[in-house]
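Shown here: entry-v2.cif, mmCIF, C-alpha atoms.
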```
data_my_file
loop_
_atom_site.group_PDB
_atom_site.id
_atom_site.type_symbol
_atom_site.label_atom_id
_atom_site.label_comp_id
_atom_site.auth_asym_id
_atom_site.auth_seq_id
_atom_site.Cartn_x
_atom_site.Cartn_y
_atom_site.Cartn_z
ATOM 1 C CA MET A 22 -2.645 -25.162 15.842
ATOM 2 C CA LEU A 23 -0.911 -22.283 14.083
ATOM 3 C CA ALA A 24 -0.151 -19.264 16.240
ATOM 4 C CA SER A 25 -1.988 -16.011 15.569
ATOM 5 C CA HIS A 26 -0.315 -12.632 14.983
ATOM 6 C CA PRO A 27 -1.647 -9.051 14.702
ATOM 7 C CA PHE A 28 -2.081 -7.915 11.116
ATOM 8 C CA GLY A 29 -0.776 -4.380 11.479
ATOM 9 C CA ARG A 30 -3.283 -1.887 12.807
ATOM 10 C CA THR A 31 -6.356 -3.519 11.256
ATOM 11 C CA GLY A 32 -7.474 -5.033 14.543
ATOM 12 C CA ARG A 33 -7.398 -8.475 12.906
ATOM 13 C CA ASN A 34 -5.143 -11.380 13.769
ATOM 14 C CA THR A 35 -3.918 -13.928 11.225
ATOM 15 C CA THR A 36 -1.611 -16.906 11.187
ATOM 16 C CA ARG A 37 1.931 -16.009 10.172
ATOM 17 C CA ILE A 38 1.843 -18.679 7.477
ATOM 18 C CA GLY A 39 -0.849 -18.007 4.921
ATOM 19 C CA PHE A 40 -1.930 -19.359 1.574
ATOM 20 C CA GLY A 41 -0.699 -17.766 -1.635
ATOM 21 C CA ALA A 42 -3.442 -18.439 -4.197
ATOM 22 C CA TRP A 43 -1.574 -17.527 -7.392
ATOM 23 C CA ALA A 44 -0.799 -21.155 -8.279
ATOM 24 C CA ILE A 45 -4.428 -22.297 -8.075
ATOM 25 C CA GLY A 46 -5.357 -19.486 -10.458
ATOM 26 C CA GLY A 47 -2.863 -20.014 -13.253
ATOM 27 C CA THR A 48 0.623 -19.547 -14.768
ATOM 28 C CA TRP A 49 2.127 -22.284 -12.587
ATOM 29 C CA GLY A 50 1.243 -25.204 -14.844
ATOM 30 C CA GLU A 51 -2.046 -27.077 -14.793
ATOM 31 C CA VAL A 52 -3.987 -27.361 -11.542
ATOM 32 C CA THR A 53 -7.421 -28.925 -11.897
ATOM 33 C CA HIS A 54 -10.439 -27.324 -10.284
ATOM 34 C CA GLU A 55 -10.789 -30.188 -7.826
ATOM 35 C CA ASP A 56 -7.076 -30.190 -6.943
ATOM 36 C CA ALA A 57 -7.193 -26.437 -6.384
ATOM 37 C CA LYS A 58 -10.156 -26.788 -4.039
ATOM 38 C CA ALA A 59 -8.596 -29.711 -2.176
ATOM 39 C CA THR A 60 -5.359 -27.770 -1.722
ATOM 40 C CA LEU A 61 -7.087 -24.746 -0.231
ATOM 41 C CA HIS A 62 -9.246 -26.945 1.992
ATOM 42 C CA ALA A 63 -6.076 -28.651 3.263
ATOM 43 C CA ALA A 64 -4.465 -25.301 4.064
ATOM 44 C CA LEU A 65 -7.513 -24.142 6.008
ATOM 45 C CA ASP A 66 -7.858 -27.506 7.752
ATOM 46 C CA ALA A 67 -4.234 -27.118 8.871
ATOM 47 C CA GLY A 68 -5.148 -23.825 10.550
ATOM 48 C CA MET A 69 -4.164 -21.117 8.046
ATOM 49 C CA THR A 70 -6.331 -18.018 8.423
ATOM 50 C CA PHE A 71 -4.901 -15.783 5.663
ATOM 51 C CA ILE A 72 -5.413 -16.111 1.911
ATOM 52 C CA ASP A 73 -3.785 -13.864 -0.682
ATOM 53 C CA THR A 74 -5.116 -13.704 -4.231
ATOM 54 C CA ALA A 75 -5.594 -11.228 -7.100
ATOM 55 C CA ASP A 76 -8.205 -10.452 -9.713
ATOM 56 C CA VAL A 77 -5.816 -11.415 -12.522
ATOM 57 C CA TYR A 78 -4.886 -14.871 -11.192
ATOM 58 C CA GLY A 79 -6.533 -16.985 -13.858
ATOM 59 C CA ASP A 80 -8.665 -13.967 -14.809
ATOM 60 C CA GLY A 81 -10.626 -14.363 -11.573
ATOM 61 C CA ARG A 82 -10.381 -18.166 -11.317
ATOM 62 C CA SER A 83 -8.440 -18.006 -8.060
ATOM 63 C CA GLU A 84 -10.994 -15.683 -6.461
ATOM 64 C CA ARG A 85 -13.908 -17.855 -7.587
ATOM 65 C CA ILE A 86 -12.295 -21.025 -6.233
ATOM 66 C CA ILE A 87 -11.751 -19.305 -2.886
ATOM 67 C CA ALA A 88 -15.431 -18.322 -2.785
ATOM 68 C CA GLU A 89 -16.488 -21.881 -3.565
ATOM 69 C CA VAL A 90 -14.281 -23.373 -0.861
ATOM 70 C CA LEU A 91 -15.377 -20.867 1.771
ATOM 71 C CA SER A 92 -19.037 -21.542 0.943
ATOM 72 C CA GLU A 93 -18.401 -25.174 1.885
ATOM 73 C CA ARG A 94 -16.887 -24.354 5.267
ATOM 74 C CA PRO A 95 -19.002 -23.346 8.259
ATOM 75 C CA GLY A 96 -17.870 -20.890 10.893
ATOM 76 C CA ALA A 97 -15.604 -17.861 10.732
ATOM 77 C CA HIS A 98 -13.944 -17.193 7.419
ATOM 78 C CA PRO A 99 -10.231 -16.461 7.038
ATOM 79 C CA PHE A 100 -8.835 -13.051 6.157
ATOM 80 C CA VAL A 101 -8.901 -12.752 2.360
ATOM 81 C CA ALA A 102 -6.643 -10.232 0.628
ATOM 82 C CA THR A 103 -6.957 -9.583 -3.087
ATOM 83 C CA LYS A 104 -5.313 -7.159 -5.523
ATOM 84 C CA ALA A 105 -6.404 -4.748 -8.227
ATOM 85 C CA GLY A 106 -4.864 -2.694 -11.002
ATOM 86 C CA ARG A 107 -3.186 -5.168 -13.317
ATOM 87 C CA ARG A 108 -6.333 -5.498 -15.423
ATOM 88 C CA LEU A 109 -5.560 -2.065 -16.842
ATOM 89 C CA SER A 110 -4.484 -2.119 -20.468
ATOM 90 C CA PRO A 111 -2.280 -0.275 -20.937
ATOM 91 C CA HIS A 112 -1.026 -0.518 -17.373
ATOM 92 C CA ILE A 113 -0.229 3.171 -16.840
ATOM 93 C CA PRO A 114 -0.556 5.586 -13.892
ATOM 94 C CA ALA A 115 -3.433 7.469 -15.538
ATOM 95 C CA GLY A 116 -5.549 4.329 -15.350
ATOM 96 C CA TYR A 117 -5.606 4.373 -11.547
ATOM 97 C CA THR A 118 -8.853 6.327 -11.295
ATOM 98 C CA ARG A 119 -11.640 5.851 -8.791
ATOM 99 C CA GLY A 120 -13.910 4.568 -11.550
ATOM 100 C CA ASN A 121 -11.464 1.895 -12.678
ATOM 101 C CA LEU A 122 -10.493 0.842 -9.162
ATOM 102 C CA GLU A 123 -14.109 0.615 -8.042
ATOM 103 C CA ALA A 124 -14.976 -1.477 -11.106
ATOM 104 C CA PHE A 125 -12.156 -3.894 -10.281
ATOM 105 C CA ILE A 126 -13.278 -4.044 -6.655
ATOM 106 C CA ASP A 127 -16.882 -4.702 -7.672
ATOM 107 C CA ARG A 128 -15.708 -7.585 -9.849
ATOM 108 C CA SER A 129 -13.688 -9.060 -6.968
ATOM 109 C CA LEU A 130 -16.662 -8.721 -4.640
ATOM 110 C CA THR A 131 -18.678 -10.787 -7.116
ATOM 111 C CA ASN A 132 -15.911 -13.353 -7.672
ATOM 112 C CA LEU A 133 -15.332 -13.780 -3.928
ATOM 113 C CA ALA A 134 -19.053 -13.650 -3.073
ATOM 114 C CA MET A 135 -18.308 -11.074 -0.381
ATOM 115 C CA GLU A 136 -20.137 -7.922 0.669
ATOM 116 C CA ARG A 137 -16.889 -6.257 1.716
ATOM 117 C CA LEU A 138 -13.282 -7.080 0.869
ATOM 118 C CA ASP A 139 -11.019 -7.561 3.892
ATOM 119 C CA LEU A 140 -8.091 -6.004 2.030
ATOM 120 C CA VAL A 141 -7.537 -4.767 -1.504
ATOM 121 C CA GLN A 142 -3.943 -4.153 -2.572
ATOM 122 C CA LEU A 143 -2.749 -2.093 -5.511
ATOM 123 C CA HIS A 144 -1.073 -4.784 -7.610
ATOM 124 C CA CYS A 145 2.494 -3.610 -8.273
ATOM 125 C CA PRO A 146 1.397 -0.325 -9.847
ATOM 126 C CA PRO A 147 3.746 1.960 -11.810
ATOM 127 C CA THR A 148 6.127 3.816 -9.501
ATOM 128 C CA ALA A 149 4.423 7.179 -10.092
ATOM 129 C CA VAL A 150 1.227 5.889 -8.471
ATOM 130 C CA TYR A 151 2.817 5.788 -5.017
ATOM 131 C CA THR A 152 3.074 9.582 -4.882
ATOM 132 C CA ASP A 153 -0.240 10.329 -6.615
ATOM 133 C CA GLN A 154 -2.467 11.510 -3.779
ATOM 134 C CA GLY A 155 -5.518 11.243 -6.010
ATOM 135 C CA VAL A 156 -5.176 7.460 -6.115
ATOM 136 C CA PHE A 157 -5.177 7.152 -2.348
ATOM 137 C CA ASP A 158 -7.995 9.662 -2.017
ATOM 138 C CA ALA A 159 -9.972 7.395 -4.360
ATOM 139 C CA LEU A 160 -9.227 4.378 -2.177
ATOM 140 C CA ASP A 161 -10.333 6.332 0.901
ATOM 141 C CA ALA A 162 -13.575 7.206 -0.870
ATOM 142 C CA ILE A 163 -14.191 3.588 -1.846
ATOM 143 C CA LYS A 164 -13.451 2.495 1.716
ATOM 144 C CA ALA A 165 -16.069 4.987 2.936
ATOM 145 C CA THR A 166 -18.684 3.190 0.833
ATOM 146 C CA GLY A 167 -18.093 -0.010 2.798
ATOM 147 C CA LYS A 168 -16.862 -2.041 -0.182
ATOM 148 C CA ILE A 169 -13.402 -2.531 1.345
ATOM 149 C CA ALA A 170 -12.348 -2.738 4.965
ATOM 150 C CA ASP A 171 -8.764 -1.673 4.280
ATOM 151 C CA TYR A 172 -6.250 -1.153 1.512
ATOM 152 C CA GLY A 173 -2.572 -1.777 0.993
ATOM 153 C CA VAL A 174 -0.026 -2.117 -1.806
ATOM 154 C CA SER A 175 2.036 -4.850 -3.391
ATOM 155 C CA VAL A 176 5.414 -3.481 -4.457
ATOM 156 C CA GLU A 177 8.418 -4.450 -6.557
ATOM 157 C CA THR A 178 11.163 -2.269 -5.052
ATOM 158 C CA ILE A 179 12.358 -1.057 -1.679
ATOM 159 C CA GLU A 180 11.911 2.532 -2.847
ATOM 160 C CA GLU A 181 8.249 1.855 -3.666
ATOM 161 C CA ALA A 182 7.808 0.174 -0.285
ATOM 162 C CA HIS A 183 9.082 3.236 1.560
ATOM 163 C CA ALA A 184 6.852 5.498 -0.539
ATOM 164 C CA ALA A 185 3.857 3.340 0.340
ATOM 165 C CA LEU A 186 4.608 3.676 4.050
ATOM 166 C CA ARG A 187 4.242 7.439 3.716
ATOM 167 C CA GLN A 188 0.592 7.066 2.679
ATOM 168 C CA PRO A 189 -1.421 7.192 5.936
ATOM 169 C CA GLY A 190 -4.236 4.972 4.658
ATOM 170 C CA VAL A 191 -1.941 2.086 3.702
ATOM 171 C CA VAL A 192 -2.282 -0.707 6.287
ATOM 172 C CA SER A 193 -0.107 -3.314 4.550
ATOM 173 C CA VAL A 194 2.782 -3.691 2.139
ATOM 174 C CA GLN A 195 3.428 -6.885 0.222
ATOM 175 C CA ILE A 196 7.015 -7.417 -0.905
ATOM 176 C CA ILE A 197 9.338 -10.180 -2.070
ATOM 177 C CA TYR A 198 11.383 -11.335 0.909
ATOM 178 C CA ASN A 199 13.346 -14.567 1.104
ATOM 179 C CA ILE A 200 16.868 -15.909 1.568
ATOM 180 C CA PHE A 201 17.719 -14.764 -1.966
ATOM 181 C CA ARG A 202 16.075 -11.340 -1.530
ATOM 182 C CA PRO A 203 16.889 -10.136 2.026
ATOM 183 C CA ARG A 204 17.263 -6.419 1.264
ATOM 184 C CA PRO A 205 13.929 -5.414 2.915
ATOM 185 C CA ALA A 206 15.533 -6.177 6.281
ATOM 186 C CA GLU A 207 18.043 -3.338 5.871
ATOM 187 C CA THR A 208 15.614 -0.477 6.566
ATOM 188 C CA PHE A 209 12.115 -1.218 5.316
ATOM 189 C CA LEU A 210 11.045 -3.826 7.861
ATOM 190 C CA THR A 211 12.123 -1.600 10.743
ATOM 191 C CA GLU A 212 10.142 1.357 9.410
ATOM 192 C CA ALA A 213 7.073 -0.768 8.691
ATOM 193 C CA ARG A 214 7.083 -2.120 12.226
ATOM 194 C CA ALA A 215 7.504 1.360 13.677
ATOM 195 C CA ARG A 216 4.453 2.527 11.702
ATOM 196 C CA ASN A 217 2.479 -0.621 12.595
ATOM 197 C CA VAL A 218 2.033 -1.478 8.917
ATOM 198 C CA ALA A 219 1.551 -5.169 8.175
ATOM 199 C CA VAL A 220 4.120 -6.821 5.904
ATOM 200 C CA ILE A 221 3.171 -9.711 3.614
ATOM 201 C CA ALA A 222 6.194 -11.686 2.378
ATOM 202 C CA ARG A 223 5.621 -13.093 -1.098
ATOM 203 C CA VAL A 224 7.696 -15.425 -3.309
ATOM 204 C CA PRO A 225 9.097 -16.927 -0.083
ATOM 205 C CA LEU A 226 10.494 -20.031 -1.793
ATOM 206 C CA ALA A 227 11.904 -18.195 -4.826
ATOM 207 C CA SER A 228 9.407 -19.870 -7.192
ATOM 208 C CA GLY A 229 10.281 -23.282 -5.793
ATOM 209 C CA LEU A 230 14.074 -22.999 -5.812
ATOM 210 C CA LEU A 231 14.177 -22.942 -2.014
ATOM 211 C CA THR A 232 12.329 -26.247 -1.786
ATOM 212 C CA GLY A 233 15.646 -27.823 -2.798
ATOM 213 C CA LYS A 234 13.840 -30.040 -5.306
ATOM 214 C CA MET A 235 14.884 -28.377 -8.557
ATOM 215 C CA ARG A 236 17.714 -29.614 -10.740
ATOM 216 C CA PRO A 237 19.592 -28.284 -13.787
ATOM 217 C CA ASP A 238 17.362 -30.396 -16.030
ATOM 218 C CA SER A 239 14.043 -29.492 -14.376
ATOM 219 C CA THR A 240 11.404 -28.534 -16.928
ATOM 220 C CA PHE A 241 8.254 -26.423 -16.674
ATOM 221 C CA ALA A 242 5.013 -26.402 -18.628
ATOM 222 C CA ALA A 243 4.610 -23.805 -21.365
ATOM 223 C CA ASP A 244 1.957 -21.980 -19.305
ATOM 224 C CA ASP A 245 4.193 -21.853 -16.213
ATOM 225 C CA HIS A 246 5.820 -18.446 -15.660
ATOM 226 C CA ARG A 247 9.026 -20.266 -14.716
ATOM 227 C CA ALA A 248 9.225 -21.211 -18.396
ATOM 228 C CA PHE A 249 8.040 -17.998 -20.071
ATOM 229 C CA ASN A 250 9.159 -15.184 -17.730
ATOM 230 C CA ARG A 251 12.799 -15.979 -16.958
ATOM 231 C CA ASN A 252 13.887 -12.583 -18.295
ATOM 232 C CA GLY A 253 10.768 -10.569 -17.518
ATOM 233 C CA GLU A 254 9.007 -11.208 -20.828
ATOM 234 C CA ALA A 255 5.524 -11.036 -19.228
ATOM 235 C CA PHE A 256 6.055 -9.122 -15.959
ATOM 236 C CA ASP A 257 8.872 -8.100 -13.628
ATOM 237 C CA LYS A 258 11.541 -10.798 -13.768
ATOM 238 C CA GLY A 259 12.013 -10.525 -9.992
ATOM 239 C CA GLU A 260 8.747 -12.447 -9.597
ATOM 240 C CA THR A 261 10.284 -15.520 -11.272
ATOM 241 C CA PHE A 262 13.016 -17.288 -9.277
ATOM 242 C CA SER A 263 13.366 -13.968 -7.401
ATOM 243 C CA GLY A 264 15.296 -12.651 -10.393
ATOM 244 C CA VAL A 265 18.280 -14.909 -9.666
ATOM 245 C CA PRO A 266 19.884 -16.724 -12.627
ATOM 246 C CA TYR A 267 18.771 -20.343 -12.398
ATOM 247 C CA ASP A 268 22.236 -21.926 -12.379
ATOM 248 C CA VAL A 269 23.513 -19.478 -9.766
ATOM 249 C CA ALA A 270 20.531 -20.177 -7.542
ATOM 250 C CA LEU A 271 21.032 -23.952 -7.751
ATOM 251 C CA GLN A 272 24.631 -23.555 -6.574
ATOM 252 C CA ALA A 273 23.466 -21.456 -3.636
ATOM 253 C CA VAL A 274 20.802 -24.024 -2.740
ATOM 254 C CA GLU A 275 23.482 -26.713 -2.449
ATOM 255 C CA GLU A 276 25.421 -24.495 -0.035
ATOM 256 C CA LEU A 277 22.258 -23.951 2.007
ATOM 257 C CA ARG A 278 21.456 -27.664 2.418
ATOM 258 C CA PRO A 279 23.780 -28.269 5.402
ATOM 259 C CA LEU A 280 22.030 -25.434 7.283
ATOM 260 C CA VAL A 281 18.618 -27.145 7.214
ATOM 261 C CA PRO A 282 17.713 -28.494 10.684
ATOM 262 C CA GLN A 283 17.636 -32.256 11.010
ATOM 263 C CA GLY A 284 14.208 -33.617 10.174
ATOM 264 C CA ALA A 285 13.068 -30.404 8.450
ATOM 265 C CA THR A 286 12.576 -29.767 4.749
ATOM 266 C CA MET A 287 14.441 -26.986 3.000
ATOM 267 C CA ALA A 288 11.107 -25.307 2.290
ATOM 268 C CA ALA A 289 10.200 -25.230 5.979
ATOM 269 C CA PHE A 290 13.689 -23.910 6.764
ATOM 270 C CA ALA A 291 13.317 -21.149 4.164
ATOM 271 C CA LEU A 292 9.931 -20.134 5.584
ATOM 272 C CA ARG A 293 11.291 -20.175 9.144
ATOM 273 C CA TRP A 294 14.129 -17.905 8.004
ATOM 274 C CA ILE A 295 11.506 -15.353 6.948
ATOM 275 C CA LEU A 296 9.590 -15.652 10.216
ATOM 276 C CA MET A 297 12.732 -14.764 12.161
ATOM 277 C CA GLN A 298 11.789 -11.162 11.355
ATOM 278 C CA GLU A 299 9.065 -10.011 13.769
ATOM 279 C CA ALA A 300 8.019 -7.308 11.286
ATOM 280 C CA ILE A 301 6.741 -10.003 8.916
ATOM 281 C CA SER A 302 3.019 -10.329 9.571
ATOM 282 C CA VAL A 303 2.408 -13.251 7.226
ATOM 283 C CA VAL A 304 4.310 -15.233 4.622
ATOM 284 C CA ILE A 305 2.318 -16.594 1.670
ATOM 285 C CA PRO A 306 3.833 -19.704 0.073
ATOM 286 C CA GLY A 307 1.805 -21.163 -2.755
ATOM 287 C CA ALA A 308 0.723 -24.764 -3.123
ATOM 288 C CA LYS A 309 -0.678 -26.926 -5.919
ATOM 289 C CA THR A 310 -1.438 -30.035 -3.854
ATOM 290 C CA PRO A 311 -2.824 -30.712 -0.357
ATOM 291 C CA ASP A 312 0.520 -32.227 0.689
ATOM 292 C CA GLN A 313 2.348 -29.039 -0.286
ATOM 293 C CA ALA A 314 -0.124 -26.943 1.689
ATOM 294 C CA ARG A 315 0.302 -29.092 4.779
ATOM 295 C CA ALA A 316 4.094 -29.083 4.400
ATOM 296 C CA ASN A 317 4.167 -25.280 4.447
ATOM 297 C CA VAL A 318 2.523 -25.309 7.854
ATOM 298 C CA ALA A 319 5.439 -27.306 9.279
ATOM 299 C CA ALA A 320 7.615 -24.191 9.303
ATOM 300 C CA ASP A 321 5.538 -22.759 12.133
ATOM 301 C CA ALA A 322 6.673 -25.544 14.451
ATOM 302 C CA LEU A 323 10.401 -25.135 13.782
ATOM 303 C CA PRO A 324 12.389 -23.510 16.602
ATOM 304 C CA PRO A 325 14.171 -20.206 15.937
ATOM 305 C CA LEU A 326 17.210 -20.556 13.710
ATOM 306 C CA PRO A 327 20.539 -20.114 15.555
ATOM 307 C CA PRO A 328 22.558 -16.942 14.864
ATOM 308 C CA LYS A 329 25.314 -18.989 13.213
ATOM 309 C CA VAL A 330 22.806 -20.389 10.718
ATOM 310 C CA MET A 331 21.464 -16.922 9.924
ATOM 311 C CA GLU A 332 25.013 -15.648 9.459
ATOM 312 C CA ALA A 333 25.898 -18.550 7.160
ATOM 313 C CA ALA A 334 22.798 -17.933 5.024
ATOM 314 C CA ALA A 335 23.724 -14.245 4.771
ATOM 315 C CA ASP A 336 27.241 -15.164 3.686
ATOM 316 C CA ILE A 337 25.894 -17.376 0.899
ATOM 317 C CA TYR A 338 23.659 -14.550 -0.269
ATOM 318 C CA PHE A 339 26.441 -11.974 -0.394
ATOM 319 C CA ARG A 340 28.893 -14.324 -2.106
ATOM 320 C CA ARG A 341 26.548 -15.957 -4.592
ATOM 321 C CA ILE A 342 23.408 -13.892 -5.100
ATOM 322 C CA SER A 343 23.644 -10.221 -4.145
ATOM 323 C CA ARG A 344 25.377 -8.946 -7.285
ATOM 324 C CA HIS A 345 22.496 -10.281 -9.387
ATOM 325 C CA VAL A 346 19.583 -8.758 -7.424
ATOM 326 C CA HIS A 347 20.529 -6.338 -4.662
ATOM 327 C CA HIS A 348 20.733 -3.218 -6.839
ATOM 328 C CA LEU A 349 17.577 -3.993 -8.837
ATOM 329 C CA TRP A 350 14.877 -4.282 -6.191
#
```

Hey, can you dump this file as structure tokens for me?
Amino acid sequence: MLASHPFGRTGRNTTRIGFGAWAIGGTWGEVTHEDAKATLHAALDAGMTFIDTADVYGDGRSERIIAEVLSERPGAHPFVATKAGRRLSPHIPAGYTRGNLEAFIDRSLTNLAMERLDLVQLHCPPTAVYTDQGVFDALDAIKATGKIADYGVSVETIEEAHAALRQPGVVSVQIIYNIFRPRPAETFLTEARARNVAVIARVPLASGLLTGKMRPDSTFAADDHRAFNRNGEAFDKGETFSGVPYDVALQAVEELRPLVPQGATMAAFALRWILMQEAISVVIPGAKTPDQARANVAADALPPLPPKVMEAAADIYFRRISRHVHHLW
């Protein structure tokens, strides 16, 4: 059974390995409705108690699939976190009004078939939003209505993450954190832990690179963001392969292989690397098949990584990767 961990100051506990529901919504290649449901069922059967989604994943498809699966499962439901804001068009700071946010939240409540959202996160809003007190006053007002239990933010940069921590109502920050993007450990994770703010680590496998299964000739479907967003054509390029040039990342993966514990997969190793940081409340790898969902759980059983392994991984990052990403996010 997966171990439970406090989710910041919410009073809720969740497993430290959760389910990232972007892939079952869209832009990761085709996932049938039945496969999506089976994958989420497998994750929950394996003990995961945290699901992360967003209103724009498949234009609500991900949220609706989650609702359908949960309706089929008796007993206590997992913690479900969703996101709002990216439905704005244009996506500008002025759009972050109470009226717009409440409309997005109402839509998610319908999609998820919930009376109250466990957590709504601003979905990588423009940087100016983080210092706009009116936005957070609006979230406080919506919380007072009972439509949301708590709110947090999903960020792109370290600077945005620190700004979010200064908002007293923010209970969680979601950020990219993995072997190829370790910068949050420099200062942010320490401050988040000191403030008892939950940290959700997204893109933990660098869009699949850290599974060790990709090759120079790997191909991706036209509707997969790994095909159409390599240079940030659709959204921030840091969300695709963590912003690392594909060929550079493959070279780094080969250097990482000898560090993987005997009997473990590279994916489990990469997830365990993240969990070495106590400030990480939950890591949210995605999955498109039941086997992938079950494999993600295996990281929880791995023993702590030795200091020499952590040092070797850091060396690979600084030699191979840092110049491509460290200054950008």

Go ahead and find all residues with at least one atom no further than 9 Å from (1.4, 1.3, -5.6) in the file's coordinates, using only C-alpha atoms; report them as a tab-separated table (two decimals) with C-alpha atoms, in the coordinates of the input.
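Now in out.tsv:
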```
chain	number	residue	atom	x	y	z
A	142	GLN	CA	-3.94	-4.15	-2.57
A	143	LEU	CA	-2.75	-2.09	-5.51
A	144	HIS	CA	-1.07	-4.78	-7.61
A	145	CYS	CA	2.49	-3.61	-8.27
A	146	PRO	CA	1.40	-0.32	-9.85
A	147	PRO	CA	3.75	1.96	-11.81
A	148	THR	CA	6.13	3.82	-9.50
A	149	ALA	CA	4.42	7.18	-10.09
A	150	VAL	CA	1.23	5.89	-8.47
A	151	TYR	CA	2.82	5.79	-5.02
A	152	THR	CA	3.07	9.58	-4.88
A	173	GLY	CA	-2.57	-1.78	0.99
A	174	VAL	CA	-0.03	-2.12	-1.81
A	175	SER	CA	2.04	-4.85	-3.39
A	176	VAL	CA	5.41	-3.48	-4.46
A	181	GLU	CA	8.25	1.86	-3.67
A	182	ALA	CA	7.81	0.17	-0.28
A	184	ALA	CA	6.85	5.50	-0.54
A	185	ALA	CA	3.86	3.34	0.34
```

State, in Å with one decimal place, the distance from CA of Tyr267 in chain A to CA of Ser228 in chain A.
-> 10.7 Å

Contacts of Arg202 in chain A at 8 Å or less, counting all atoms listed in the file, minus same-chain residues fewer than 3 places along, as a count of residues only?
-> 7

For a cut-off of 12 Å around (22.8, -17.6, 12.1), file coordinates, pick out all residues using only C-alpha atoms and list them as number ranges by chain.
-> A: 277, 280-281, 294, 297, 325-337

May I ask which of the residues A:Arg216, A:Leu160, A:Ala24, A:Ile169 is the closest one to His183 in chain A, counting only C-alpha atoms?
->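 Ranked by minimum distance to His183 in chain A, first place goes to A:Arg216.
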